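K.L.:
Supplied structure: data-v8.txt, compact mmCIF, C-alpha atoms.
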```txt
# COMPACT_ATOMS: atom_id res chain seq x y z
CA MET A 1 30.47 -44.27 58.68
CA ILE A 2 31.23 -44.34 54.95
CA THR A 3 31.11 -48.13 55.06
CA THR A 4 27.72 -48.03 56.74
CA LEU A 5 26.41 -45.67 54.07
CA PHE A 6 27.62 -47.98 51.31
CA GLN A 7 26.09 -50.98 53.05
CA LEU A 8 22.81 -49.09 53.41
CA ALA A 9 22.81 -48.13 49.75
CA TRP A 10 23.59 -51.71 48.71
CA VAL A 11 20.89 -53.31 50.88
CA PHE A 12 18.16 -50.85 49.91
CA MET A 13 19.00 -50.85 46.21
CA LYS A 14 19.02 -54.63 46.15
CA ILE A 15 15.63 -54.80 47.81
CA GLY A 16 14.27 -51.99 45.62
CA THR A 17 15.36 -53.83 42.50
CA PHE A 18 14.15 -57.30 43.36
CA THR A 19 10.99 -56.85 45.34
CA PHE A 20 7.58 -56.93 43.70
CA GLY A 21 4.38 -55.90 45.36
CA GLY A 22 5.00 -52.47 46.83
CA GLY A 23 6.29 -50.89 50.01
CA ILE A 24 4.45 -53.18 52.37
CA VAL A 25 6.38 -56.09 50.85
CA ILE A 26 9.69 -54.28 50.65
CA ILE A 27 9.91 -53.38 54.32
CA PRO A 28 9.63 -56.92 55.73
CA MET A 29 12.26 -58.05 53.25
CA ILE A 30 14.71 -55.62 54.79
CA GLU A 31 14.19 -57.12 58.23
CA LYS A 32 16.66 -59.95 57.88
CA GLU A 33 19.36 -57.70 56.50
CA VAL A 34 19.04 -54.81 58.94
CA VAL A 35 18.26 -56.75 62.11
CA THR A 36 20.23 -59.97 61.73
CA ASN A 37 23.00 -59.30 59.22
CA TYR A 38 23.99 -55.73 60.01
CA ASP A 39 22.53 -55.22 63.45
CA TRP A 40 21.42 -51.64 62.79
CA LEU A 41 18.15 -52.08 64.67
CA THR A 42 16.72 -54.35 67.31
CA HIS A 43 13.61 -56.40 66.68
CA THR A 44 11.38 -53.99 68.61
CA GLU A 45 12.81 -50.99 66.78
CA PHE A 46 12.04 -52.69 63.52
CA VAL A 47 8.44 -53.24 64.51
CA ASP A 48 8.28 -49.56 65.44
CA ALA A 49 9.69 -48.65 62.04
CA VAL A 50 6.92 -50.59 60.30
CA THR A 51 4.27 -49.09 62.58
CA LEU A 52 5.49 -45.53 62.00
CA GLY A 53 5.60 -46.11 58.25
CA GLN A 54 1.98 -47.17 58.36
CA ILE A 55 0.62 -44.36 60.48
CA THR A 56 2.44 -41.51 58.72
CA PRO A 57 1.05 -40.18 55.42
CA GLY A 58 2.70 -40.93 52.12
CA PRO A 59 4.27 -44.13 50.90
CA VAL A 60 4.99 -46.94 53.36
CA ILE A 61 8.52 -46.96 52.04
CA VAL A 62 9.50 -44.17 54.46
CA SER A 63 9.94 -46.91 57.05
CA GLY A 64 13.23 -47.21 55.20
CA THR A 65 13.96 -43.58 56.07
CA PHE A 66 13.59 -44.46 59.73
CA ILE A 67 15.87 -47.47 59.39
CA GLY A 68 18.46 -45.37 57.57
CA TYR A 69 18.31 -42.78 60.31
CA LYS A 70 18.84 -45.40 62.99
CA ALA A 71 21.81 -46.82 61.11
CA CYS A 72 23.62 -43.64 60.21
CA GLY A 73 21.81 -40.42 61.09
CA ILE A 74 20.27 -38.01 58.60
CA LEU A 75 22.73 -38.96 55.88
CA GLY A 76 21.75 -42.56 56.35
CA ALA A 77 18.08 -41.64 56.04
CA ILE A 78 18.70 -39.85 52.75
CA VAL A 79 20.85 -42.65 51.35
CA ALA A 80 18.32 -45.33 52.31
CA THR A 81 15.35 -43.47 50.85
CA VAL A 82 17.07 -42.58 47.58
CA SER A 83 18.51 -46.08 47.15
CA VAL A 84 15.20 -47.82 47.58
CA ILE A 85 13.43 -45.54 45.08
CA LEU A 86 16.17 -45.17 42.46
CA PRO A 87 16.00 -48.60 40.75
CA SER A 88 12.27 -48.49 40.15
CA PHE A 89 12.46 -44.83 39.17
CA ILE A 90 14.83 -45.67 36.33
CA MET A 91 12.89 -48.79 35.36
CA ILE A 92 9.57 -46.95 35.21
CA CYS A 93 10.96 -44.15 33.06
CA LEU A 94 12.59 -46.57 30.63
CA ALA A 95 9.52 -48.79 30.46
CA THR A 96 7.24 -45.81 29.83
CA GLU A 97 9.51 -44.62 27.05
CA ALA A 98 9.52 -48.01 25.33
CA ILE A 99 6.10 -49.20 26.41
CA LYS A 100 5.41 -51.02 23.16
CA LYS A 101 8.57 -53.09 23.19
CA PHE A 102 8.09 -53.71 26.86
CA ARG A 103 4.57 -54.98 26.33
CA GLU A 104 5.55 -57.38 23.61
CA ASN A 105 8.51 -58.95 25.36
CA LYS A 106 7.29 -62.45 26.27
CA ILE A 107 10.51 -63.61 27.92
CA LEU A 108 10.51 -60.66 30.27
CA ALA A 109 6.85 -61.28 31.08
CA ASN A 110 7.55 -64.89 32.03
CA PHE A 111 10.61 -63.92 34.05
CA LEU A 112 8.56 -61.41 36.01
CA ARG A 113 5.84 -63.98 36.62
CA GLY A 114 8.32 -66.35 38.21
CA ALA A 115 10.01 -63.57 40.15
CA ARG A 116 6.75 -62.35 41.64
CA ILE A 117 6.05 -65.78 43.09
CA ALA A 118 9.53 -65.90 44.60
CA VAL A 119 8.82 -62.66 46.41
CA ILE A 120 5.62 -64.07 47.91
CA GLY A 121 7.58 -66.97 49.38
CA MET A 122 10.01 -64.53 50.92
CA VAL A 123 7.24 -62.41 52.41
CA PHE A 124 5.95 -65.54 54.14
CA ASP A 125 9.44 -66.06 55.49
CA ALA A 126 9.56 -62.46 56.76
CA GLY A 127 6.20 -62.93 58.47
CA VAL A 128 7.39 -66.11 60.14
CA SER A 129 10.62 -64.48 61.23
CA ILE A 130 8.89 -61.48 62.82
CA GLY A 131 6.19 -63.71 64.25
CA ARG A 132 8.76 -65.89 65.97
CA SER A 133 9.89 -63.00 68.12
CA SER A 134 6.49 -61.33 68.51
CA LEU A 135 4.03 -64.14 69.08
CA VAL A 136 4.85 -65.19 72.63
CA ASP A 137 1.52 -65.90 74.33
CA THR A 138 -2.16 -66.49 73.58
CA LYS A 139 -2.95 -62.79 73.52
CA THR A 140 -0.42 -61.95 70.81
CA ILE A 141 -1.37 -64.99 68.74
CA LEU A 142 -5.00 -63.90 68.99
CA ILE A 143 -4.15 -60.36 67.87
CA ALA A 144 -2.19 -61.66 64.89
CA ALA A 145 -5.05 -63.98 63.92
CA VAL A 146 -7.65 -61.23 64.21
CA SER A 147 -5.54 -58.81 62.17
CA ILE A 148 -5.00 -61.40 59.43
CA ILE A 149 -8.74 -61.95 59.19
CA CYS A 150 -9.54 -58.22 59.21
CA LEU A 151 -6.89 -57.36 56.64
CA PHE A 152 -7.20 -60.32 54.32
CA LYS A 153 -10.92 -60.94 54.42
CA TYR A 154 -12.41 -57.53 55.17
CA LYS A 155 -9.64 -55.34 53.75
CA VAL A 156 -9.54 -52.96 56.70
CA ASN A 157 -7.00 -50.13 56.50
CA PRO A 158 -3.82 -51.25 58.37
CA ILE A 159 -3.79 -48.01 60.36
CA TRP A 160 -6.86 -49.13 62.31
CA ILE A 161 -5.38 -52.54 63.02
CA LEU A 162 -2.21 -51.00 64.44
CA LEU A 163 -4.16 -48.45 66.50
CA GLY A 164 -6.44 -51.20 67.79
CA ALA A 165 -3.50 -53.38 68.75
CA GLY A 166 -1.91 -50.43 70.56
CA ILE A 167 -5.10 -49.81 72.50
CA VAL A 168 -5.35 -53.47 73.44
CA GLY A 169 -1.77 -53.24 74.69
CA VAL A 170 -2.56 -50.18 76.84
CA VAL A 171 -5.74 -51.64 78.32
CA THR A 172 -4.44 -55.09 79.21
CA MET B 1 -4.62 -21.40 -24.45
CA ASN B 2 -5.64 -19.30 -21.49
CA LEU B 3 -7.38 -22.25 -19.88
CA LYS B 4 -4.31 -24.42 -20.27
CA LYS B 5 -2.18 -21.83 -18.51
CA ILE B 6 -4.60 -21.65 -15.60
CA ARG B 7 -4.61 -25.40 -15.37
CA GLU B 8 -0.82 -25.50 -15.28
CA GLN B 9 -0.79 -22.90 -12.56
CA ALA B 10 -3.25 -25.01 -10.57
CA ASP B 11 -1.12 -28.09 -11.00
CA GLN B 12 1.85 -26.20 -9.70
CA LEU B 13 -0.03 -24.97 -6.66
CA TYR B 14 -1.28 -28.48 -5.97
CA ARG B 15 2.21 -29.93 -6.11
CA ARG B 16 3.59 -27.28 -3.83
CA GLY B 17 0.86 -28.00 -1.30
CA LEU B 18 1.53 -31.72 -1.51
CA HIS B 19 5.21 -31.12 -0.95
CA ILE B 20 4.64 -29.02 2.16
CA ALA B 21 2.07 -31.39 3.66
CA GLY B 22 4.28 -34.39 3.05
CA ARG B 23 7.41 -32.85 4.44
CA SER B 24 6.36 -31.73 7.90
CA GLU B 25 3.42 -32.54 10.07
CA ASP B 26 2.42 -29.62 12.24
CA THR B 27 -0.65 -27.45 12.14
CA GLU B 28 1.06 -24.52 10.47
CA SER B 29 2.39 -26.29 7.40
CA LEU B 30 -0.83 -28.26 7.04
CA GLU B 31 -2.73 -25.00 7.02
CA THR B 32 -0.41 -23.59 4.34
CA ALA B 33 -0.88 -26.69 2.23
CA ALA B 34 -4.64 -26.51 2.59
CA GLY B 35 -4.56 -22.85 1.51
CA LEU B 36 -2.55 -23.68 -1.60
CA TRP B 37 -4.90 -26.50 -2.52
CA GLN B 38 -7.90 -24.26 -2.10
CA LYS B 39 -6.37 -21.79 -4.54
CA ALA B 40 -5.67 -24.62 -6.94
CA LEU B 41 -9.26 -25.80 -6.59
CA LYS B 42 -10.56 -22.37 -7.55
CA LEU B 43 -8.30 -22.31 -10.59
CA TYR B 44 -9.38 -25.78 -11.70
CA ARG B 45 -12.98 -24.66 -11.49
CA LYS B 46 -12.18 -21.57 -13.46
CA ALA B 47 -10.50 -23.72 -16.08
CA GLY B 48 -13.57 -25.93 -16.21
CA ASP B 49 -11.68 -29.06 -15.20
CA LYS B 50 -14.45 -30.61 -13.09
CA ASP B 51 -12.91 -34.05 -12.60
CA LYS B 52 -9.70 -32.69 -11.18
CA ALA B 53 -11.60 -30.23 -9.02
CA LYS B 54 -13.62 -33.05 -7.49
CA LEU B 55 -10.54 -35.11 -6.83
CA LEU B 56 -8.78 -32.20 -5.21
CA GLN B 57 -11.78 -31.48 -3.04
CA LYS B 58 -11.73 -35.05 -1.82
CA SER B 59 -8.07 -34.92 -0.90
CA LEU B 60 -8.65 -31.59 0.82
CA VAL B 61 -11.30 -33.17 3.01
CA GLY B 62 -8.96 -36.08 3.67
CA LEU B 63 -6.16 -33.75 4.61
CA TYR B 64 -8.35 -31.94 7.05
CA ARG B 65 -10.04 -34.93 8.59
CA ASP B 66 -7.18 -37.39 8.80
CA LYS B 67 -4.21 -35.20 9.41
CA TYR B 68 -5.11 -31.76 10.60
CA VAL B 69 -7.52 -32.86 13.33
CA LYS B 70 -5.18 -35.54 14.57
CA VAL B 71 -2.10 -33.35 14.61
CA ARG B 72 -3.95 -30.50 16.22
CA GLY B 73 -5.32 -32.72 18.97
CA LYS B 74 -1.86 -34.04 19.67
CA GLU B 75 -0.35 -30.58 19.74
CA GLU B 76 -3.02 -29.28 22.05
CA LYS B 77 -2.53 -32.16 24.44
CA ARG B 78 1.20 -31.66 24.37
CA SER B 79 0.92 -27.96 25.01
CA VAL B 80 -1.33 -28.57 28.03
CA ALA B 81 1.21 -31.02 29.40
CA LYS B 82 3.96 -28.51 28.61
CA LYS B 83 2.21 -25.81 30.53
CA PHE B 84 1.79 -28.04 33.57
CA LYS B 85 3.39 -26.29 36.52
CA ASP B 86 1.38 -27.48 39.46
CA TRP B 87 4.01 -29.65 41.07
CA PHE B 88 2.65 -28.54 44.40
CA MET B 89 -0.21 -30.93 43.74
CA PHE B 90 2.16 -33.87 44.21
CA PHE B 91 3.29 -32.35 47.48
CA LYS B 92 -0.30 -32.08 48.63
CA ILE B 93 -1.03 -35.69 47.79
CA GLY B 94 2.19 -36.72 49.53
CA CYS B 95 0.92 -34.99 52.67
CA PHE B 96 -2.48 -36.62 52.68
CA GLY B 97 -1.91 -39.88 50.88
CA PHE B 98 -2.77 -42.33 53.61
CA GLY B 99 -3.58 -45.89 52.82
CA GLY B 100 -1.26 -47.23 50.17
CA PRO B 101 -0.92 -47.12 46.41
CA MET B 102 -4.59 -47.32 45.47
CA ALA B 103 -5.44 -44.26 47.56
CA VAL B 104 -2.68 -42.23 45.93
CA PHE B 105 -3.75 -43.55 42.55
CA THR B 106 -7.31 -42.32 43.07
CA LEU B 107 -6.17 -38.89 44.28
CA LEU B 108 -3.87 -38.42 41.29
CA GLN B 109 -6.54 -39.61 38.91
CA ASP B 110 -9.03 -37.12 40.32
CA GLU B 111 -6.60 -34.26 39.90
CA LEU B 112 -5.01 -35.03 36.55
CA VAL B 113 -7.77 -36.80 34.65
CA HIS B 114 -10.99 -35.33 35.99
CA GLU B 115 -9.99 -31.84 37.18
CA LYS B 116 -7.19 -30.77 34.87
CA MET B 117 -7.84 -33.26 32.05
CA ILE B 118 -4.17 -33.61 31.16
CA LEU B 119 -4.02 -37.38 31.08
CA THR B 120 -6.60 -39.96 30.08
CA ASP B 121 -7.99 -42.83 32.13
CA LYS B 122 -6.15 -45.24 29.87
CA ASP B 123 -2.83 -43.52 30.56
CA PHE B 124 -3.50 -43.92 34.21
CA LEU B 125 -4.42 -47.56 34.13
CA GLU B 126 -1.26 -48.25 32.19
CA GLY B 127 0.74 -46.56 34.92
CA ALA B 128 -0.90 -48.64 37.63
CA VAL B 129 -0.28 -51.89 35.79
CA LEU B 130 3.30 -50.89 35.06
CA GLY B 131 3.91 -50.10 38.71
CA ASP B 132 2.44 -53.43 39.67
CA VAL B 133 4.46 -55.44 37.17
CA LEU B 134 7.80 -53.78 37.84
CA PRO B 135 9.60 -54.14 41.15
CA GLY B 136 9.85 -51.38 43.71
CA PRO B 137 7.34 -49.41 45.73
CA VAL B 138 4.09 -49.18 43.76
CA THR B 139 3.02 -45.77 45.07
CA MET B 140 6.29 -44.23 43.97
CA ASP B 141 6.03 -46.02 40.62
CA ILE B 142 2.68 -44.42 39.91
CA VAL B 143 3.93 -40.95 40.83
CA THR B 144 7.09 -41.37 38.75
CA TYR B 145 5.02 -42.58 35.81
CA THR B 146 2.68 -39.58 35.93
CA GLY B 147 5.62 -37.21 36.21
CA TYR B 148 7.27 -38.86 33.23
CA LYS B 149 4.08 -38.62 31.20
CA LEU B 150 3.88 -34.91 31.95
CA LYS B 151 7.47 -33.84 31.37
CA LYS B 152 9.75 -36.81 30.72
CA TRP B 153 12.75 -37.32 33.03
CA TYR B 154 12.54 -33.87 34.51
CA GLY B 155 8.89 -34.33 35.40
CA ALA B 156 9.48 -37.78 36.84
CA PHE B 157 12.28 -36.45 39.01
CA ILE B 158 10.37 -33.44 40.33
CA ALA B 159 7.18 -35.40 40.94
CA THR B 160 8.98 -38.15 42.84
CA LEU B 161 11.02 -35.71 44.90
CA VAL B 162 8.11 -33.45 45.79
CA PHE B 163 5.88 -36.40 46.59
CA ILE B 164 8.28 -38.12 48.97
CA LEU B 165 9.44 -34.93 50.67
CA PRO B 166 6.63 -34.42 53.23
CA SER B 167 6.62 -37.98 54.52
CA PHE B 168 10.41 -38.02 54.49
CA VAL B 169 10.57 -34.92 56.68
CA ILE B 170 7.87 -36.21 59.01
CA MET B 171 9.72 -39.49 59.36
CA ILE B 172 13.04 -37.77 60.09
CA VAL B 173 11.42 -35.69 62.82
CA LEU B 174 9.76 -38.77 64.29
CA ALA B 175 13.03 -40.70 64.17
CA MET B 176 14.81 -37.88 66.02
CA LEU B 177 12.12 -37.75 68.68
CA TYR B 178 12.18 -41.52 68.88
CA ASP B 179 15.92 -41.49 69.51
CA LYS B 180 15.72 -38.78 72.15
CA TYR B 181 12.57 -39.48 74.07
CA SER B 182 11.34 -42.81 72.73
CA VAL B 183 8.00 -41.32 71.71
CA THR B 184 6.43 -44.62 70.92
CA PRO B 185 5.17 -46.23 74.09
CA LYS B 186 7.90 -48.35 75.54
CA VAL B 187 5.49 -50.30 77.67
CA SER B 188 6.35 -53.84 76.77
CA GLY B 189 2.69 -54.85 76.53
CA VAL B 190 1.94 -52.30 73.84
CA LEU B 191 5.02 -53.21 71.87
CA GLN B 192 4.16 -56.87 71.98
CA CYS B 193 0.68 -56.18 70.66
CA LEU B 194 2.07 -53.98 67.89
CA GLY B 195 4.53 -56.71 66.93
CA ALA B 196 1.70 -59.20 66.72
CA ALA B 197 -0.33 -56.82 64.54
CA VAL B 198 2.64 -56.23 62.25
CA THR B 199 3.09 -59.99 61.93
CA GLY B 200 -0.56 -60.25 60.96
CA LEU B 201 -0.12 -57.41 58.49
CA ILE B 202 2.82 -59.05 56.73
CA LEU B 203 1.19 -62.48 56.61
CA SER B 204 -2.04 -61.03 55.24
CA VAL B 205 -0.09 -59.29 52.48
CA ALA B 206 1.55 -62.60 51.64
CA LEU B 207 -1.85 -64.31 51.59
CA ARG B 208 -3.37 -61.62 49.39
CA LEU B 209 -0.50 -61.86 46.91
CA SER B 210 -0.73 -65.65 46.80
CA LYS B 211 -4.44 -65.45 46.15
CA ALA B 212 -3.76 -63.18 43.19
CA GLU B 213 -0.88 -65.19 41.74
CA MET B 214 -1.58 -68.84 42.51
CA LYS B 215 -3.25 -70.51 39.57
CA ASP B 216 -2.07 -74.11 39.67
CA TYR B 217 0.46 -76.47 41.26
CA ARG B 218 3.39 -75.05 39.29
CA GLU B 219 3.10 -71.73 41.06
CA LEU B 220 2.75 -73.52 44.38
CA CYS B 221 5.99 -75.43 43.78
CA VAL B 222 7.89 -72.26 42.97
CA LEU B 223 6.41 -70.57 46.02
CA LEU B 224 7.37 -73.43 48.33
CA TRP B 225 10.87 -73.54 46.90
CA ALA B 226 11.31 -69.80 47.39
CA PHE B 227 9.99 -70.04 50.95
CA ALA B 228 12.31 -72.93 51.78
CA SER B 229 15.38 -71.35 50.25
CA SER B 230 14.68 -68.20 52.19
CA ILE B 231 13.91 -69.71 55.58
CA ILE B 232 16.13 -72.83 55.58
CA PHE B 233 18.98 -72.20 53.16
CA LYS B 234 19.02 -68.44 53.79
CA LEU B 235 19.86 -67.62 50.19
CA ASP B 236 20.19 -64.01 49.10
CA ILE B 237 17.15 -62.28 47.60
CA VAL B 238 19.03 -61.73 44.32
CA VAL B 239 19.63 -65.46 43.95
CA ILE B 240 16.09 -66.50 44.86
CA VAL B 241 14.33 -63.97 42.65
CA GLY B 242 16.76 -64.54 39.76
CA LEU B 243 16.36 -68.32 39.87
CA CYS B 244 12.58 -68.16 40.13
CA GLY B 245 12.51 -65.76 37.19
CA LEU B 246 14.50 -68.24 35.10
CA VAL B 247 12.16 -71.02 36.20
CA GLY B 248 9.30 -68.78 35.08
CA ILE B 249 10.82 -68.43 31.60
CA VAL B 250 11.01 -72.22 31.29
CA LEU B 251 7.63 -72.93 32.90
CA TYR B 252 5.57 -70.51 30.89
CA HIS B 253 7.34 -70.71 27.53
CA ASP B 254 4.35 -72.58 26.07
CA ASP B 255 1.85 -70.29 27.78
CA PRO B 256 2.94 -66.75 27.03
CA GLN B 257 0.95 -64.02 28.65
CA GLU B 258 0.72 -60.37 27.78
CA LEU B 259 2.64 -58.30 30.26
CA LEU B 260 0.30 -55.33 30.03
CA PRO B 261 -3.08 -56.28 28.64
CA GLU B 262 -4.42 -53.42 26.59
```
Using structure tokens, write down the structure from this file.
P.N.:
Amino acid sequence: MITTLFQLAWVFMKIGTFTFGGGIVIIPMIEKEVVTNYDWLTHTEFVDAVTLGQITPGPVIVSGTFIGYKACGILGAIVATVSVILPSFIMICLATEAIKKFRENKILANFLRGARIAVIGMVFDAGVSIGRSSLVDTKTILIAAVSIICLFKYKVNPIWILLGAGIVGVVT
Amino acid sequence: MNLKKIREQADQLYRRGLHIAGRSEDTESLETAAGLWQKALKLYRKAGDKDKAKLLQKSLVGLYRDKYVKVRGKEEKRSVAKKFKDWFMFFKIGCFGFGGPMAVFTLLQDELVHEKMILTDKDFLEGAVLGDVLPGPVTMDIVTYTGYKLKKWYGAFIATLVFILPSFVIMIVLAMLYDKYSVTPKVSGVLQCLGAAVTGLILSVALRLSKAEMKDYRELCVLLWAFASSIIFKLDIVVIVGLCGLVGIVLYHDDPQELLPE
């Protein structure tokens, strides 16, 4: 159990430190680690984790709480949540303190520019990896296409997309 | 003879005031200095030294306008921030903050800038940009930033903790129910549809980010490389992000960009 807790802390801290773009980007990044590498969740459980994170109030990052719980109970949930927040907590406080120096640092700015692009590439990978197991017939492909259009073009709140998809699943 | 004595006394008062004003900058000592100078001014007038009186009057105005007002404004702002006790507000927003970072940002802005007037709009924008530029969950970044602005590390800690608590508890309860009864519909059809929607969600986020970041072919190359190394070579996130960051330093060295435009 101790090993699992350390692994959880390591995975979530790593992702919390290196992922740009917010909770909705962080969660897919975890997928490969928690589903394939460590086998804490199945694919369907992971999709449920994302869905629950979206439909509950507060930051999307609490999907990580769910994953931590599945891996190692309540302790796991606490460790996962704290680990994913801690790196950016420290960075934000330090950056706010030294905002002037931070603003003027050109090398850091360029590093972050490159790093942000890297994260986009990895989000595409996460999408492909989840899509591979979820898009199995015309209906699911259609749902994915419609949700991409709604979210990207019309900026609908993701909650409605997930509810709509659930209703489609019940009806058909 | 008498006039000379008065003048000397005035000089002394003036110097004492200057000393106090120069040594410490808070409202109290500035007020003391201003009082001393006013006394000196009266004495100069009594002594008939009009030139010095005029000069002193000018510096008195300067002291008031440039220092006193500024220091007082700062102190007032600080004391409002010091008095801030309404951490429950963060809890409230944590309970109702549906819909991602921008929703939380607007709620916090309404409370702290428009209702309580503790922070300014500029402070807020800076926080949002900072959260966007730095890694980690943006919503949490904004909350941490506001907490830090209010009460340094202690404020950041309390704000973050109180904000995450409601959704954390809700999620724990849901996870327990999920484990016991599988609350989410286990009908395979529903799950499949949800999976498809989540796929769409993730891909649309990736598309939105690319739209914001892609400016020319250089970015596209980096993006493709990152995608390939993730999906084909299965490199670790630390390696991919680190390498792309280094590439960024080389790529943009001739085209430096402000990290946080003012």
K.L.:
Which of these residues is nearest to chain A, using all atoms listed in the file: B:Lys152, B:Pro137, B:Thr146, B:Tyr178?
P.N.:
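The answer is B:Pro137, which sits nearest to chain A.
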K.L.:
Would you tabulate, counting all atoms listed in the file, all residues of chain B that have an atom at most 6 Å from an atom of chain A, showing the closest pair of atoms and their distance in Å to one decimal, sorted by chain then ascending number, as JSON lines?
P.N.:
```
{"residue": "B:Gly94", "atom": "CA", "partner": "A:Gly58", "partner_atom": "CA", "distance": 5.0}
{"residue": "B:Cys95", "atom": "CA", "partner": "A:Pro57", "partner_atom": "CA", "distance": 5.9}
{"residue": "B:Phe96", "atom": "CA", "partner": "A:Pro57", "partner_atom": "CA", "distance": 5.7}
{"residue": "B:Gly97", "atom": "CA", "partner": "A:Gly58", "partner_atom": "CA", "distance": 4.9}
{"residue": "B:Phe98", "atom": "CA", "partner": "A:Pro57", "partner_atom": "CA", "distance": 4.7}
{"residue": "B:Pro135", "atom": "CA", "partner": "A:Phe20", "partner_atom": "CA", "distance": 4.3}
{"residue": "B:Gly136", "atom": "CA", "partner": "A:Gly16", "partner_atom": "CA", "distance": 4.9}
{"residue": "B:Pro137", "atom": "CA", "partner": "A:Gly22", "partner_atom": "CA", "distance": 4.0}
{"residue": "B:Val138", "atom": "CA", "partner": "A:Gly22", "partner_atom": "CA", "distance": 4.6}
{"residue": "B:Ser167", "atom": "CA", "partner": "A:Gly58", "partner_atom": "CA", "distance": 5.5}
{"residue": "B:Ala175", "atom": "CA", "partner": "A:Phe66", "partner_atom": "CA", "distance": 5.8}
{"residue": "B:Gly189", "atom": "CA", "partner": "A:Gly169", "partner_atom": "CA", "distance": 5.1}
{"residue": "B:Val190", "atom": "CA", "partner": "A:Gly169", "partner_atom": "CA", "distance": 3.9}
{"residue": "B:Cys193", "atom": "CA", "partner": "A:Ala165", "partner_atom": "CA", "distance": 5.4}
{"residue": "B:Leu194", "atom": "CA", "partner": "A:Ala165", "partner_atom": "CA", "distance": 5.7}
{"residue": "B:Gly195", "atom": "CA", "partner": "A:Ser134", "partner_atom": "CA", "distance": 5.3}
{"residue": "B:Ala196", "atom": "CA", "partner": "A:Ala144", "partner_atom": "CA", "distance": 5.0}
{"residue": "B:Ala197", "atom": "CA", "partner": "A:Ala144", "partner_atom": "CA", "distance": 5.2}
{"residue": "B:Thr199", "atom": "CA", "partner": "A:Gly131", "partner_atom": "CA", "distance": 5.4}
{"residue": "B:Gly200", "atom": "CA", "partner": "A:Ala144", "partner_atom": "CA", "distance": 4.5}
{"residue": "B:Ile202", "atom": "CA", "partner": "A:Gly127", "partner_atom": "CA", "distance": 5.4}
{"residue": "B:Leu203", "atom": "CA", "partner": "A:Gly127", "partner_atom": "CA", "distance": 5.4}
{"residue": "B:Ser204", "atom": "CA", "partner": "A:Ile148", "partner_atom": "CA", "distance": 5.1}
{"residue": "B:Ala206", "atom": "CA", "partner": "A:Ile120", "partner_atom": "CA", "distance": 5.7}
{"residue": "B:Leu223", "atom": "CA", "partner": "A:Gly121", "partner_atom": "CA", "distance": 5.1}
{"residue": "B:Ala226", "atom": "CA", "partner": "A:Gly121", "partner_atom": "CA", "distance": 5.1}
{"residue": "B:Phe227", "atom": "CA", "partner": "A:Gly121", "partner_atom": "CA", "distance": 4.2}
{"residue": "B:Ile231", "atom": "CA", "partner": "A:Asp125", "partner_atom": "CA", "distance": 5.8}
{"residue": "B:Val241", "atom": "CA", "partner": "A:Ala115", "partner_atom": "CA", "distance": 5.0}
{"residue": "B:Cys244", "atom": "CA", "partner": "A:Gly114", "partner_atom": "CA", "distance": 5.0}
{"residue": "B:Gly245", "atom": "CA", "partner": "A:Phe111", "partner_atom": "CA", "distance": 4.1}
{"residue": "B:Leu246", "atom": "CA", "partner": "A:Phe111", "partner_atom": "CA", "distance": 5.9}
{"residue": "B:Gly248", "atom": "CA", "partner": "A:Gly114", "partner_atom": "CA", "distance": 4.1}
{"residue": "B:Ile249", "atom": "CA", "partner": "A:Asn110", "partner_atom": "CA", "distance": 4.8}
{"residue": "B:Leu259", "atom": "CA", "partner": "A:Ala109", "partner_atom": "CA", "distance": 5.2}
{"residue": "B:Leu260", "atom": "CA", "partner": "A:Arg103", "partner_atom": "CA", "distance": 5.7}
```
K.L.:
Between atom CA of Asp141 of chain B and atom CA of Pro166 of chain B, what is the distance, to one decimal in Å?
P.N.:
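According to the coordinates, atom CA of Asp141 of chain B and atom CA of Pro166 of chain B are separated by 17.1 Å.
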K.L.:
Calculated over only C-alpha atoms, which of the candidates A:Val11, A:Ile2, A:Lys101, A:Ser83 has the smallest distance to Asn37 of chain A?
P.N.:
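Result for the nearest residue to Asn37 of chain A: A:Val11.
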K.L.:
Enter the distance from atom CA of Lys116 of chain B to atom CA of Pro101 of chain B, in Å, rounded to one decimal.
P.N.:
21.0 Å
K.L.:
Nearest residue to Met102 of chain B out of B:Thr139, B:Ser229, B:Ser210, B:Thr144, using all atoms listed in the file?
P.N.:
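Under the stated criterion, the closest residue is B:Thr139.
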K.L.:
Atom CA of Val34 of chain A to atom CA of Gln192 of chain B: how many Å, to one decimal?
P.N.:
19.9 Å
K.L.:
Show which residues sit within 12 Å of segment 55-66 of chain B, as a PyMOL selection string. Count only C-alpha atoms, and ignore same-chain residues fewer than 4 positions away.
P.N.:
chain B and resi 10-11+13-15+17-18+21-22+25+27+29-45+49-51+70-73
K.L.:
Point out the residue among A:Val79, A:Ala9, A:Ala71, A:Met1 with the least atom-to-atom distance to Tyr38 of chain A, counting all atoms listed in the file.
P.N.:
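For Tyr38 of chain A, the nearest of the candidates is A:Ala71.
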K.L.:
Can you find the residues with an atom no farther than 10 Å from (4.2, -40.3, 34.5), counting all atoms listed in the file, and report them as an MDAnalysis selection string?
P.N.:
(chainID A and resid 92:93 96) or (chainID B and resid 119 123:124 126:127 141:153 155:156 159:160)
